[in-house]
Amino acid sequence: MVDEDFLLEAARFIGIAGLALFVLSGIGGALMASRTVQIINVKWLRGKLFNYHRLGTLIGFALMILHPIPMLYAPQSTGGMNISHIFIPFTAPKQSLTTGLGVIAFYVLLIVAISSIFIKFIKREWWRFLHYGTYIVIFLGLAHGLFISGEFMEEEVFDFDEPEKVILLIFTVLALAIPIWRLFLAKKIINKTETT
């Protein structure tokens, strides 16, 4: 039988890796949307950013699907989490609030993924609106990762001794920077059009 601590570590690593890919993919998407890539003269980035963006998103999505699976095999630590706790928000036997945030993030991610698969059949405005759900996924995922206990201990909410919390904080700063930067660029463009 596999050690439960190992299973929880595996679930954490998978979740952080998936979220990291979403944040990096979000940065790529923001660069593409703002046309910044056309200005940046980076040889390995030019003409390939969309492919990196899509690949990062697909791998991140796969990791998010895999993320809760190791916890199903760690019943003593998770309080007997089962498949319904993964799909029904706020029903987990331990840390139901933070686990529920992760479940909601997954459903929003599913909507974004499905809309991207069927992009040819959806109005561009609708797709863009649904695609902004990526920010919701990132922020809910970060809240889920930051506030859940790595060992599923109820009294432990936010432990900076866990290195993954520091990594998640770095990604939180990056994730916050993306929409702020895009708003700044949008305001700059609006001001430029008003002056001309």
# chains A, B, ... in the order shown; residues from 1 in each chain; ligands from 1
call {"tool": "select_by_dssp", "arguments": {"residues": "region 2-192 of chain A", "states": "alpha helix (DSSP H)", "output": "mmCIF file with N, CA and C atoms, in the first residue's frame"}}
result
data_model
loop_
_atom_site.group_PDB
_atom_site.id
_atom_site.type_symbol
_atom_site.label_atom_id
_atom_site.label_comp_id
_atom_site.auth_asym_id
_atom_site.auth_seq_id
_atom_site.Cartn_x
_atom_site.Cartn_y
_atom_site.Cartn_z
ATOM 1 N N GLU A 4 0.319 7.415 2.611
ATOM 2 C CA GLU A 4 -0.634 8.508 2.429
ATOM 3 C C GLU A 4 0.062 9.857 2.296
ATOM 4 N N ASP A 5 1.163 10.046 3.009
ATOM 5 C CA ASP A 5 1.898 11.309 2.876
ATOM 6 C C ASP A 5 2.388 11.499 1.445
ATOM 7 N N PHE A 6 2.843 10.404 0.838
ATOM 8 C CA PHE A 6 3.288 10.466 -0.558
ATOM 9 C C PHE A 6 2.129 10.835 -1.478
ATOM 10 N N LEU A 7 0.951 10.239 -1.232
ATOM 11 C CA LEU A 7 -0.218 10.527 -2.058
ATOM 12 C C LEU A 7 -0.625 12.002 -1.957
ATOM 13 N N LEU A 8 -0.603 12.548 -0.740
ATOM 14 C CA LEU A 8 -0.949 13.962 -0.564
ATOM 15 C C LEU A 8 0.083 14.871 -1.228
ATOM 16 N N GLU A 9 1.348 14.495 -1.118
ATOM 17 C CA GLU A 9 2.414 15.263 -1.791
ATOM 18 C C GLU A 9 2.210 15.236 -3.302
ATOM 19 N N ALA A 10 1.871 14.060 -3.826
ATOM 20 C CA ALA A 10 1.650 13.925 -5.270
ATOM 21 C C ALA A 10 0.488 14.802 -5.719
ATOM 22 N N ALA A 11 -0.607 14.786 -4.947
ATOM 23 C CA ALA A 11 -1.769 15.620 -5.283
ATOM 24 C C ALA A 11 -1.397 17.097 -5.270
ATOM 25 N N ARG A 12 -0.600 17.511 -4.252
ATOM 26 C CA ARG A 12 -0.168 18.916 -4.168
ATOM 27 C C ARG A 12 0.695 19.301 -5.359
ATOM 28 N N PHE A 13 1.667 18.447 -5.674
ATOM 29 C CA PHE A 13 2.577 18.737 -6.784
ATOM 30 C C PHE A 13 1.807 18.848 -8.095
ATOM 31 N N ILE A 14 0.895 17.918 -8.340
ATOM 32 C CA ILE A 14 0.099 17.928 -9.572
ATOM 33 C C ILE A 14 -0.739 19.202 -9.649
ATOM 34 N N GLY A 15 -1.383 19.559 -8.540
ATOM 35 C CA GLY A 15 -2.215 20.766 -8.512
ATOM 36 C C GLY A 15 -1.409 22.033 -8.747
ATOM 37 N N ILE A 16 -0.253 22.149 -8.092
ATOM 38 C CA ILE A 16 0.583 23.344 -8.254
ATOM 39 C C ILE A 16 1.123 23.427 -9.677
ATOM 40 N N ALA A 17 1.550 22.302 -10.232
ATOM 41 C CA ALA A 17 2.061 22.294 -11.607
ATOM 42 C C ALA A 17 0.969 22.720 -12.590
ATOM 43 N N GLY A 18 -0.248 22.204 -12.399
ATOM 44 C CA GLY A 18 -1.362 22.577 -13.276
ATOM 45 C C GLY A 18 -1.697 24.053 -13.171
ATOM 46 N N LEU A 19 -1.740 24.562 -11.943
ATOM 47 C CA LEU A 19 -2.047 25.976 -11.736
ATOM 48 C C LEU A 19 -0.946 26.871 -12.291
ATOM 49 N N ALA A 20 0.301 26.455 -12.123
ATOM 50 C CA ALA A 20 1.433 27.218 -12.663
ATOM 51 C C ALA A 20 1.314 27.320 -14.186
ATOM 52 N N LEU A 21 0.938 26.224 -14.827
ATOM 53 C CA LEU A 21 0.763 26.257 -16.282
ATOM 54 C C LEU A 21 -0.364 27.196 -16.690
ATOM 55 N N PHE A 22 -1.447 27.227 -15.899
ATOM 56 C CA PHE A 22 -2.549 28.146 -16.210
ATOM 57 C C PHE A 22 -2.122 29.602 -16.070
ATOM 58 N N VAL A 23 -1.361 29.910 -15.029
ATOM 59 C CA VAL A 23 -0.896 31.290 -14.847
ATOM 60 C C VAL A 23 0.020 31.682 -16.002
ATOM 61 N N LEU A 24 0.971 30.816 -16.347
ATOM 62 C CA LEU A 24 1.887 31.110 -17.450
ATOM 63 C C LEU A 24 1.133 31.194 -18.777
ATOM 64 N N SER A 25 0.155 30.319 -18.956
ATOM 65 C CA SER A 25 -0.661 30.359 -20.154
ATOM 66 C C SER A 25 -1.488 31.643 -20.199
ATOM 67 N N GLY A 26 -1.958 32.081 -19.029
ATOM 68 C CA GLY A 26 -2.697 33.345 -18.937
ATOM 69 C C GLY A 26 -1.831 34.537 -19.324
ATOM 70 N N ILE A 27 -0.568 34.492 -18.928
ATOM 71 C CA ILE A 27 0.368 35.549 -19.313
ATOM 72 C C ILE A 27 0.533 35.546 -20.834
ATOM 73 N N GLY A 28 0.665 34.344 -21.408
ATOM 74 C CA GLY A 28 0.774 34.232 -22.865
ATOM 75 C C GLY A 28 -0.467 34.747 -23.564
ATOM 76 N N GLY A 29 -1.636 34.415 -23.023
ATOM 77 C CA GLY A 29 -2.890 34.897 -23.608
ATOM 78 C C GLY A 29 -2.996 36.410 -23.532
ATOM 79 N N ALA A 30 -2.578 36.976 -22.401
ATOM 80 C CA ALA A 30 -2.607 38.435 -22.250
ATOM 81 C C ALA A 30 -1.649 39.101 -23.230
ATOM 82 N N LEU A 31 -0.488 38.498 -23.440
ATOM 83 C CA LEU A 31 0.475 39.039 -24.410
ATOM 84 C C LEU A 31 -0.104 39.013 -25.823
ATOM 85 N N MET A 32 -0.766 37.901 -26.163
ATOM 86 C CA MET A 32 -1.357 37.803 -27.500
ATOM 87 C C MET A 32 -2.487 38.807 -27.678
ATOM 88 N N ALA A 33 -3.348 38.931 -26.670
ATOM 89 C CA ALA A 33 -4.495 39.830 -26.764
ATOM 90 C C ALA A 33 -4.071 41.288 -26.859
ATOM 91 N N THR A 36 1.366 42.553 -27.729
ATOM 92 C CA THR A 36 2.708 42.857 -27.232
ATOM 93 C C THR A 36 3.757 41.984 -27.891
ATOM 94 N N VAL A 37 3.379 40.774 -28.266
ATOM 95 C CA VAL A 37 4.337 39.844 -28.857
ATOM 96 C C VAL A 37 4.890 40.399 -30.167
ATOM 97 N N GLN A 38 4.060 41.159 -30.864
ATOM 98 C CA GLN A 38 4.533 41.739 -32.115
ATOM 99 C C GLN A 38 5.633 42.776 -31.863
ATOM 100 N N ILE A 39 5.608 43.405 -30.684
ATOM 101 C CA ILE A 39 6.614 44.409 -30.340
ATOM 102 C C ILE A 39 7.872 43.745 -29.800
ATOM 103 N N LEU A 49 3.751 31.656 -29.850
ATOM 104 C CA LEU A 49 3.121 31.868 -28.548
ATOM 105 C C LEU A 49 1.764 31.184 -28.450
ATOM 106 N N PHE A 50 0.965 31.225 -29.516
ATOM 107 C CA PHE A 50 -0.341 30.567 -29.474
ATOM 108 C C PHE A 50 -0.189 29.070 -29.205
ATOM 109 N N ASN A 51 0.802 28.443 -29.860
ATOM 110 C CA ASN A 51 1.040 27.007 -29.649
ATOM 111 C C ASN A 51 1.458 26.730 -28.206
ATOM 112 N N TYR A 52 2.344 27.573 -27.643
ATOM 113 C CA TYR A 52 2.745 27.417 -26.235
ATOM 114 C C TYR A 52 1.543 27.618 -25.314
ATOM 115 N N HIS A 53 0.735 28.623 -25.621
ATOM 116 C CA HIS A 53 -0.452 28.940 -24.826
ATOM 117 C C HIS A 53 -1.408 27.744 -24.800
ATOM 118 N N ARG A 54 -1.676 27.195 -25.969
ATOM 119 C CA ARG A 54 -2.609 26.064 -26.065
ATOM 120 C C ARG A 54 -2.030 24.811 -25.396
ATOM 121 N N LEU A 55 -0.749 24.516 -25.624
ATOM 122 C CA LEU A 55 -0.120 23.338 -25.030
ATOM 123 C C LEU A 55 -0.107 23.441 -23.505
ATOM 124 N N GLY A 56 0.273 24.613 -22.986
ATOM 125 C CA GLY A 56 0.284 24.817 -21.532
ATOM 126 C C GLY A 56 -1.092 24.637 -20.923
ATOM 127 N N THR A 57 -2.107 25.138 -21.627
ATOM 128 C CA THR A 57 -3.480 25.010 -21.143
ATOM 129 C C THR A 57 -3.930 23.552 -21.147
ATOM 130 N N LEU A 58 -3.624 22.828 -22.219
ATOM 131 C CA LEU A 58 -4.033 21.417 -22.306
ATOM 132 C C LEU A 58 -3.363 20.568 -21.226
ATOM 133 N N ILE A 59 -2.058 20.783 -21.027
ATOM 134 C CA ILE A 59 -1.353 20.023 -19.989
ATOM 135 C C ILE A 59 -1.881 20.414 -18.611
ATOM 136 N N GLY A 60 -2.106 21.718 -18.401
ATOM 137 C CA GLY A 60 -2.669 22.183 -17.126
ATOM 138 C C GLY A 60 -4.030 21.569 -16.854
ATOM 139 N N PHE A 61 -4.872 21.487 -17.884
ATOM 140 C CA PHE A 61 -6.199 20.887 -17.747
ATOM 141 C C PHE A 61 -6.083 19.412 -17.365
ATOM 142 N N ALA A 62 -5.179 18.694 -18.026
ATOM 143 C CA ALA A 62 -4.974 17.279 -17.705
ATOM 144 C C ALA A 62 -4.513 17.111 -16.258
ATOM 145 N N LEU A 63 -3.613 17.985 -15.812
ATOM 146 C CA LEU A 63 -3.132 17.918 -14.427
ATOM 147 C C LEU A 63 -4.259 18.204 -13.437
ATOM 148 N N MET A 64 -5.148 19.136 -13.794
ATOM 149 C CA MET A 64 -6.270 19.438 -12.897
ATOM 150 C C MET A 64 -7.235 18.255 -12.774
ATOM 151 N N ILE A 65 -7.378 17.506 -13.848
ATOM 152 C CA ILE A 65 -8.216 16.297 -13.781
ATOM 153 C C ILE A 65 -7.551 15.255 -12.878
ATOM 154 N N LEU A 66 -6.229 15.142 -12.960
ATOM 155 C CA LEU A 66 -5.490 14.159 -12.155
ATOM 156 C C LEU A 66 -5.320 14.585 -10.696
ATOM 157 N N ILE A 69 -7.141 12.756 -7.686
ATOM 158 C CA ILE A 69 -7.151 11.282 -7.689
ATOM 159 C C ILE A 69 -6.305 10.675 -6.561
ATOM 160 N N PRO A 70 -5.057 11.143 -6.319
ATOM 161 C CA PRO A 70 -4.294 10.537 -5.219
ATOM 162 C C PRO A 70 -4.985 10.657 -3.861
ATOM 163 N N MET A 71 -5.781 11.708 -3.671
ATOM 164 C CA MET A 71 -6.454 11.899 -2.374
ATOM 165 C C MET A 71 -7.534 10.848 -2.119
ATOM 166 N N LEU A 72 -8.054 10.283 -3.194
ATOM 167 C CA LEU A 72 -9.063 9.229 -3.024
ATOM 168 C C LEU A 72 -8.470 7.985 -2.377
ATOM 169 N N PRO A 75 -7.522 7.694 2.608
ATOM 170 C CA PRO A 75 -8.745 7.900 3.405
ATOM 171 C C PRO A 75 -8.504 8.381 4.834
ATOM 172 N N GLN A 76 -7.409 7.943 5.484
ATOM 173 C CA GLN A 76 -7.175 8.384 6.863
ATOM 174 C C GLN A 76 -6.899 9.891 6.912
ATOM 175 N N SER A 77 -6.127 10.393 5.966
ATOM 176 C CA SER A 77 -5.750 11.801 5.961
ATOM 177 C C SER A 77 -6.893 12.709 5.534
ATOM 178 N N THR A 78 -7.673 12.271 4.540
ATOM 179 C CA THR A 78 -8.707 13.148 3.972
ATOM 180 C C THR A 78 -10.075 12.946 4.622
ATOM 181 N N ILE A 83 -15.435 9.972 -4.580
ATOM 182 C CA ILE A 83 -15.615 10.622 -5.883
ATOM 183 C C ILE A 83 -16.685 11.716 -5.845
ATOM 184 N N SER A 84 -17.725 11.541 -5.047
ATOM 185 C CA SER A 84 -18.774 12.573 -4.985
ATOM 186 C C SER A 84 -18.241 13.867 -4.368
ATOM 187 N N HIS A 85 -17.293 13.766 -3.444
ATOM 188 C CA HIS A 85 -16.704 14.962 -2.835
ATOM 189 C C HIS A 85 -15.893 15.769 -3.846
ATOM 190 N N ILE A 86 -15.422 15.090 -4.880
ATOM 191 C CA ILE A 86 -14.635 15.762 -5.920
ATOM 192 C C ILE A 86 -15.549 16.518 -6.875
ATOM 193 N N PHE A 87 -16.765 16.030 -7.067
ATOM 194 C CA PHE A 87 -17.670 16.650 -8.038
ATOM 195 C C PHE A 87 -18.764 17.515 -7.423
ATOM 196 N N SER A 96 -13.995 21.422 3.848
ATOM 197 C CA SER A 96 -15.000 21.469 2.782
ATOM 198 C C SER A 96 -15.023 22.810 2.049
ATOM 199 N N LEU A 97 -14.747 23.929 2.735
ATOM 200 C CA LEU A 97 -14.773 25.232 2.067
ATOM 201 C C LEU A 97 -13.656 25.330 1.019
ATOM 202 N N THR A 98 -12.439 25.043 1.438
ATOM 203 C CA THR A 98 -11.312 25.175 0.504
ATOM 204 C C THR A 98 -11.360 24.110 -0.592
ATOM 205 N N THR A 99 -11.825 22.926 -0.251
ATOM 206 C CA THR A 99 -11.987 21.884 -1.271
ATOM 207 C C THR A 99 -13.069 22.304 -2.260
ATOM 208 N N GLY A 100 -14.146 22.885 -1.749
ATOM 209 C CA GLY A 100 -15.244 23.354 -2.602
ATOM 210 C C GLY A 100 -14.800 24.423 -3.592
ATOM 211 N N LEU A 101 -13.889 25.309 -3.171
ATOM 212 C CA LEU A 101 -13.361 26.326 -4.088
ATOM 213 C C LEU A 101 -12.640 25.665 -5.259
ATOM 214 N N GLY A 102 -11.908 24.599 -4.955
ATOM 215 C CA GLY A 102 -11.218 23.854 -6.020
ATOM 216 C C GLY A 102 -12.201 23.193 -6.976
ATOM 217 N N VAL A 103 -13.301 22.658 -6.437
ATOM 218 C CA VAL A 103 -14.321 22.014 -7.282
ATOM 219 C C VAL A 103 -14.967 23.042 -8.206
ATOM 220 N N ILE A 104 -15.303 24.211 -7.658
ATOM 221 C CA ILE A 104 -15.907 25.266 -8.484
ATOM 222 C C ILE A 104 -14.923 25.717 -9.563
ATOM 223 N N ALA A 105 -13.649 25.862 -9.189
ATOM 224 C CA ALA A 105 -12.618 26.236 -10.176
ATOM 225 C C ALA A 105 -12.591 25.220 -11.312
ATOM 226 N N PHE A 106 -12.720 23.942 -10.974
ATOM 227 C CA PHE A 106 -12.711 22.901 -12.007
ATOM 228 C C PHE A 106 -13.892 23.054 -12.962
ATOM 229 N N TYR A 107 -15.097 23.343 -12.420
ATOM 230 C CA TYR A 107 -16.270 23.497 -13.285
ATOM 231 C C TYR A 107 -16.143 24.709 -14.208
ATOM 232 N N VAL A 108 -15.621 25.804 -13.679
ATOM 233 C CA VAL A 108 -15.405 26.985 -14.524
ATOM 234 C C VAL A 108 -14.384 26.644 -15.610
ATOM 235 N N LEU A 109 -13.345 25.920 -15.225
ATOM 236 C CA LEU A 109 -12.324 25.495 -16.190
ATOM 237 C C LEU A 109 -12.940 24.625 -17.284
ATOM 238 N N LEU A 110 -13.846 23.757 -16.902
ATOM 239 C CA LEU A 110 -14.525 22.889 -17.866
ATOM 240 C C LEU A 110 -15.311 23.723 -18.887
ATOM 241 N N ILE A 111 -16.008 24.751 -18.417
ATOM 242 C CA ILE A 111 -16.766 25.641 -19.305
ATOM 243 C C ILE A 111 -15.819 26.349 -20.275
ATOM 244 N N VAL A 112 -14.698 26.857 -19.744
ATOM 245 C CA VAL A 112 -13.717 27.548 -20.595
ATOM 246 C C VAL A 112 -13.154 26.581 -21.638
ATOM 247 N N ALA A 113 -12.822 25.370 -21.208
ATOM 248 C CA ALA A 113 -12.245 24.379 -22.127
ATOM 249 C C ALA A 113 -13.232 23.996 -23.220
ATOM 250 N N ILE A 114 -14.477 23.747 -22.851
ATOM 251 C CA ILE A 114 -15.492 23.366 -23.840
ATOM 252 C C ILE A 114 -15.722 24.513 -24.829
ATOM 253 N N SER A 115 -15.763 25.755 -24.321
ATOM 254 C CA SER A 115 -15.959 26.895 -25.220
ATOM 255 C C SER A 115 -14.792 27.041 -26.190
ATOM 256 N N SER A 116 -13.591 26.715 -25.742
ATOM 257 C CA SER A 116 -12.428 26.809 -26.619
ATOM 258 C C SER A 116 -12.415 25.694 -27.673
ATOM 259 N N ILE A 117 -12.917 24.522 -27.299
ATOM 260 C CA ILE A 117 -13.000 23.418 -28.266
ATOM 261 C C ILE A 117 -14.002 23.759 -29.375
ATOM 262 N N ARG A 124 -17.852 35.258 -31.282
ATOM 263 C CA ARG A 124 -16.563 35.702 -30.730
ATOM 264 C C ARG A 124 -16.739 36.405 -29.384
ATOM 265 N N GLU A 125 -17.775 37.237 -29.258
ATOM 266 C CA GLU A 125 -18.003 37.963 -27.994
ATOM 267 C C GLU A 125 -18.309 36.999 -26.839
ATOM 268 N N TRP A 126 -19.125 35.970 -27.143
ATOM 269 C CA TRP A 126 -19.452 34.967 -26.123
ATOM 270 C C TRP A 126 -18.224 34.180 -25.708
ATOM 271 N N TRP A 127 -17.439 33.797 -26.718
ATOM 272 C CA TRP A 127 -16.221 33.040 -26.412
ATOM 273 C C TRP A 127 -15.296 33.877 -25.535
ATOM 274 N N ARG A 128 -15.105 35.151 -25.882
ATOM 275 C CA ARG A 128 -14.226 36.027 -25.095
ATOM 276 C C ARG A 128 -14.741 36.143 -23.661
ATOM 277 N N PHE A 129 -16.066 36.325 -23.519
ATOM 278 C CA PHE A 129 -16.670 36.415 -22.183
ATOM 279 C C PHE A 129 -16.401 35.139 -21.384
ATOM 280 N N LEU A 130 -16.623 33.985 -21.999
ATOM 281 C CA LEU A 130 -16.388 32.709 -21.317
ATOM 282 C C LEU A 130 -14.898 32.506 -21.033
ATOM 283 N N HIS A 131 -14.051 32.961 -21.938
ATOM 284 C CA HIS A 131 -12.606 32.791 -21.774
ATOM 285 C C HIS A 131 -12.072 33.591 -20.588
ATOM 286 N N GLY A 133 -13.286 33.541 -17.890
ATOM 287 C CA GLY A 133 -13.437 32.621 -16.766
ATOM 288 C C GLY A 133 -12.110 32.037 -16.315
ATOM 289 N N THR A 134 -11.106 32.102 -17.185
ATOM 290 C CA THR A 134 -9.763 31.629 -16.832
ATOM 291 C C THR A 134 -9.259 32.346 -15.587
ATOM 292 N N TYR A 135 -9.548 33.648 -15.494
ATOM 293 C CA TYR A 135 -9.119 34.412 -14.312
ATOM 294 C C TYR A 135 -9.800 33.882 -13.052
ATOM 295 N N ILE A 136 -11.073 33.508 -13.185
ATOM 296 C CA ILE A 136 -11.791 32.933 -12.035
ATOM 297 C C ILE A 136 -11.134 31.617 -11.622
ATOM 298 N N VAL A 137 -10.797 30.793 -12.607
ATOM 299 C CA VAL A 137 -10.127 29.511 -12.332
ATOM 300 C C VAL A 137 -8.818 29.749 -11.586
ATOM 301 N N ILE A 138 -8.025 30.692 -12.091
ATOM 302 C CA ILE A 138 -6.725 30.962 -11.479
ATOM 303 C C ILE A 138 -6.896 31.440 -10.042
ATOM 304 N N PHE A 139 -7.796 32.395 -9.816
ATOM 305 C CA PHE A 139 -7.934 32.944 -8.461
ATOM 306 C C PHE A 139 -8.566 31.953 -7.491
ATOM 307 N N LEU A 140 -9.572 31.195 -7.937
ATOM 308 C CA LEU A 140 -10.152 30.162 -7.064
ATOM 309 C C LEU A 140 -9.129 29.061 -6.786
ATOM 310 N N GLY A 141 -8.376 28.690 -7.822
ATOM 311 C CA GLY A 141 -7.338 27.671 -7.643
ATOM 312 C C GLY A 141 -6.255 28.130 -6.677
ATOM 313 N N LEU A 142 -5.871 29.393 -6.780
ATOM 314 C CA LEU A 142 -4.866 29.921 -5.852
ATOM 315 C C LEU A 142 -5.405 29.973 -4.425
ATOM 316 N N ALA A 143 -6.664 30.400 -4.259
ATOM 317 C CA ALA A 143 -7.265 30.417 -2.913
ATOM 318 C C ALA A 143 -7.339 29.000 -2.355
ATOM 319 N N HIS A 144 -7.740 28.068 -3.189
ATOM 320 C CA HIS A 144 -7.811 26.650 -2.794
ATOM 321 C C HIS A 144 -6.437 26.160 -2.337
ATOM 322 N N GLY A 145 -5.413 26.440 -3.139
ATOM 323 C CA GLY A 145 -4.070 25.968 -2.818
ATOM 324 C C GLY A 145 -3.451 26.655 -1.615
ATOM 325 N N LEU A 146 -3.712 27.949 -1.463
ATOM 326 C CA LEU A 146 -3.106 28.698 -0.352
ATOM 327 C C LEU A 146 -3.729 28.348 0.994
ATOM 328 N N PHE A 147 -5.039 28.147 1.019
ATOM 329 C CA PHE A 147 -5.726 28.008 2.302
ATOM 330 C C PHE A 147 -6.036 26.576 2.718
ATOM 331 N N PRO A 163 6.813 24.876 1.428
ATOM 332 C CA PRO A 163 7.370 25.660 0.312
ATOM 333 C C PRO A 163 6.375 25.917 -0.815
ATOM 334 N N GLU A 164 5.408 25.028 -0.984
ATOM 335 C CA GLU A 164 4.445 25.234 -2.065
ATOM 336 C C GLU A 164 3.578 26.465 -1.829
ATOM 337 N N LYS A 165 3.386 26.856 -0.552
ATOM 338 C CA LYS A 165 2.602 28.068 -0.272
ATOM 339 C C LYS A 165 3.344 29.306 -0.776
ATOM 340 N N VAL A 166 4.657 29.322 -0.628
ATOM 341 C CA VAL A 166 5.459 30.441 -1.129
ATOM 342 C C VAL A 166 5.400 30.475 -2.653
ATOM 343 N N ILE A 167 5.493 29.304 -3.285
ATOM 344 C CA ILE A 167 5.383 29.220 -4.745
ATOM 345 C C ILE A 167 4.019 29.740 -5.194
ATOM 346 N N LEU A 168 2.966 29.343 -4.486
ATOM 347 C CA LEU A 168 1.617 29.802 -4.835
ATOM 348 C C LEU A 168 1.480 31.312 -4.651
ATOM 349 N N LEU A 169 2.135 31.864 -3.636
ATOM 350 C CA LEU A 169 2.091 33.317 -3.438
ATOM 351 C C LEU A 169 2.749 34.044 -4.602
ATOM 352 N N ILE A 170 3.849 33.495 -5.099
ATOM 353 C CA ILE A 170 4.518 34.089 -6.266
ATOM 354 C C ILE A 170 3.568 34.056 -7.463
ATOM 355 N N PHE A 171 2.896 32.937 -7.665
ATOM 356 C CA PHE A 171 1.946 32.847 -8.775
ATOM 357 C C PHE A 171 0.730 33.745 -8.551
ATOM 358 N N THR A 172 0.361 33.994 -7.297
ATOM 359 C CA THR A 172 -0.724 34.920 -7.001
ATOM 360 C C THR A 172 -0.355 36.323 -7.476
ATOM 361 N N VAL A 173 0.877 36.740 -7.185
ATOM 362 C CA VAL A 173 1.339 38.061 -7.623
ATOM 363 C C VAL A 173 1.323 38.135 -9.148
ATOM 364 N N LEU A 174 1.818 37.091 -9.805
ATOM 365 C CA LEU A 174 1.798 37.063 -11.270
ATOM 366 C C LEU A 174 0.365 37.108 -11.807
ATOM 367 N N ALA A 175 -0.522 36.322 -11.196
ATOM 368 C CA ALA A 175 -1.909 36.271 -11.653
ATOM 369 C C ALA A 175 -2.605 37.615 -11.458
ATOM 370 N N LEU A 176 -2.290 38.323 -10.385
ATOM 371 C CA LEU A 176 -2.858 39.660 -10.164
ATOM 372 C C LEU A 176 -2.298 40.664 -11.157
ATOM 373 N N ALA A 177 -1.041 40.483 -11.521
ATOM 374 C CA ALA A 177 -0.387 41.428 -12.434
ATOM 375 C C ALA A 177 -0.996 41.379 -13.838
ATOM 376 N N ILE A 178 -1.476 40.220 -14.260
ATOM 377 C CA ILE A 178 -2.001 40.067 -15.631
ATOM 378 C C ILE A 178 -3.194 40.996 -15.877
ATOM 379 N N PRO A 179 -4.291 40.906 -15.088
ATOM 380 C CA PRO A 179 -5.429 41.787 -15.385
ATOM 381 C C PRO A 179 -5.106 43.271 -15.138
ATOM 382 N N ILE A 180 -4.266 43.558 -14.155
ATOM 383 C CA ILE A 180 -3.889 44.957 -13.903
ATOM 384 C C ILE A 180 -3.144 45.520 -15.110
ATOM 385 N N TRP A 181 -2.222 44.738 -15.642
ATOM 386 C CA TRP A 181 -1.458 45.158 -16.815
ATOM 387 C C TRP A 181 -2.369 45.357 -18.024
ATOM 388 N N ARG A 182 -3.322 44.431 -18.213
ATOM 389 C CA ARG A 182 -4.250 44.546 -19.343
ATOM 390 C C ARG A 182 -5.141 45.776 -19.199
ATOM 391 N N LEU A 183 -5.597 46.059 -17.986
ATOM 392 C CA LEU A 183 -6.400 47.269 -17.766
ATOM 393 C C LEU A 183 -5.579 48.527 -18.043
ATOM 394 N N PHE A 184 -4.313 48.509 -17.632
ATOM 395 C CA PHE A 184 -3.416 49.638 -17.879
ATOM 396 C C PHE A 184 -3.245 49.860 -19.381
ATOM 397 N N LEU A 185 -3.033 48.766 -20.136
ATOM 398 C CA LEU A 185 -2.889 48.880 -21.593
ATOM 399 C C LEU A 185 -4.173 49.382 -22.240
ATOM 400 N N ALA A 186 -5.322 48.868 -21.780
ATOM 401 C CA ALA A 186 -6.606 49.288 -22.331
ATOM 402 C C ALA A 186 -6.818 50.782 -22.098
ATOM 403 N N LYS A 187 -6.487 51.257 -20.896
ATOM 404 C CA LYS A 187 -6.643 52.678 -20.573
ATOM 405 C C LYS A 187 -5.715 53.524 -21.445
ATOM 406 N N LYS A 188 -4.518 53.020 -21.670
ATOM 407 C CA LYS A 188 -3.543 53.729 -22.504
ATOM 408 C C LYS A 188 -4.065 53.851 -23.946
ATOM 409 N N ILE A 189 -4.651 52.766 -24.456
ATOM 410 C CA ILE A 189 -5.202 52.768 -25.820
ATOM 411 C C ILE A 189 -6.382 53.736 -25.914
ATOM 412 N N ILE A 190 -7.245 53.716 -24.893
ATOM 413 C CA ILE A 190 -8.412 54.626 -24.889
ATOM 414 C C ILE A 190 -7.937 56.073 -24.863
ATOM 415 N N ASN A 191 -6.951 56.367 -24.021
ATOM 416 C CA ASN A 191 -6.425 57.736 -23.954
ATOM 417 C C ASN A 191 -5.798 58.164 -25.279
ATOM 418 N N LYS A 192 -5.122 57.239 -25.958
ATOM 419 C CA LYS A 192 -4.479 57.543 -27.239
ATOM 420 C C LYS A 192 -5.528 57.840 -28.301
#
call {"tool": "atom_distance", "arguments": {"atom1": "CA of Asp161 (chain A)", "atom2": "CA of Pro89 (chain A)"}}
result
27.9 Å
call {"tool": "atom_distance", "arguments": {"atom1": "CA of Pro68 (chain A)", "atom2": "CA of Ile119 (chain A)"}}
result
28.3 Å
call {"tool": "atom_distance", "arguments": {"atom1": "CA of Phe90 (chain A)", "atom2": "CA of Ile148 (chain A)"}}
result
12.9 Å
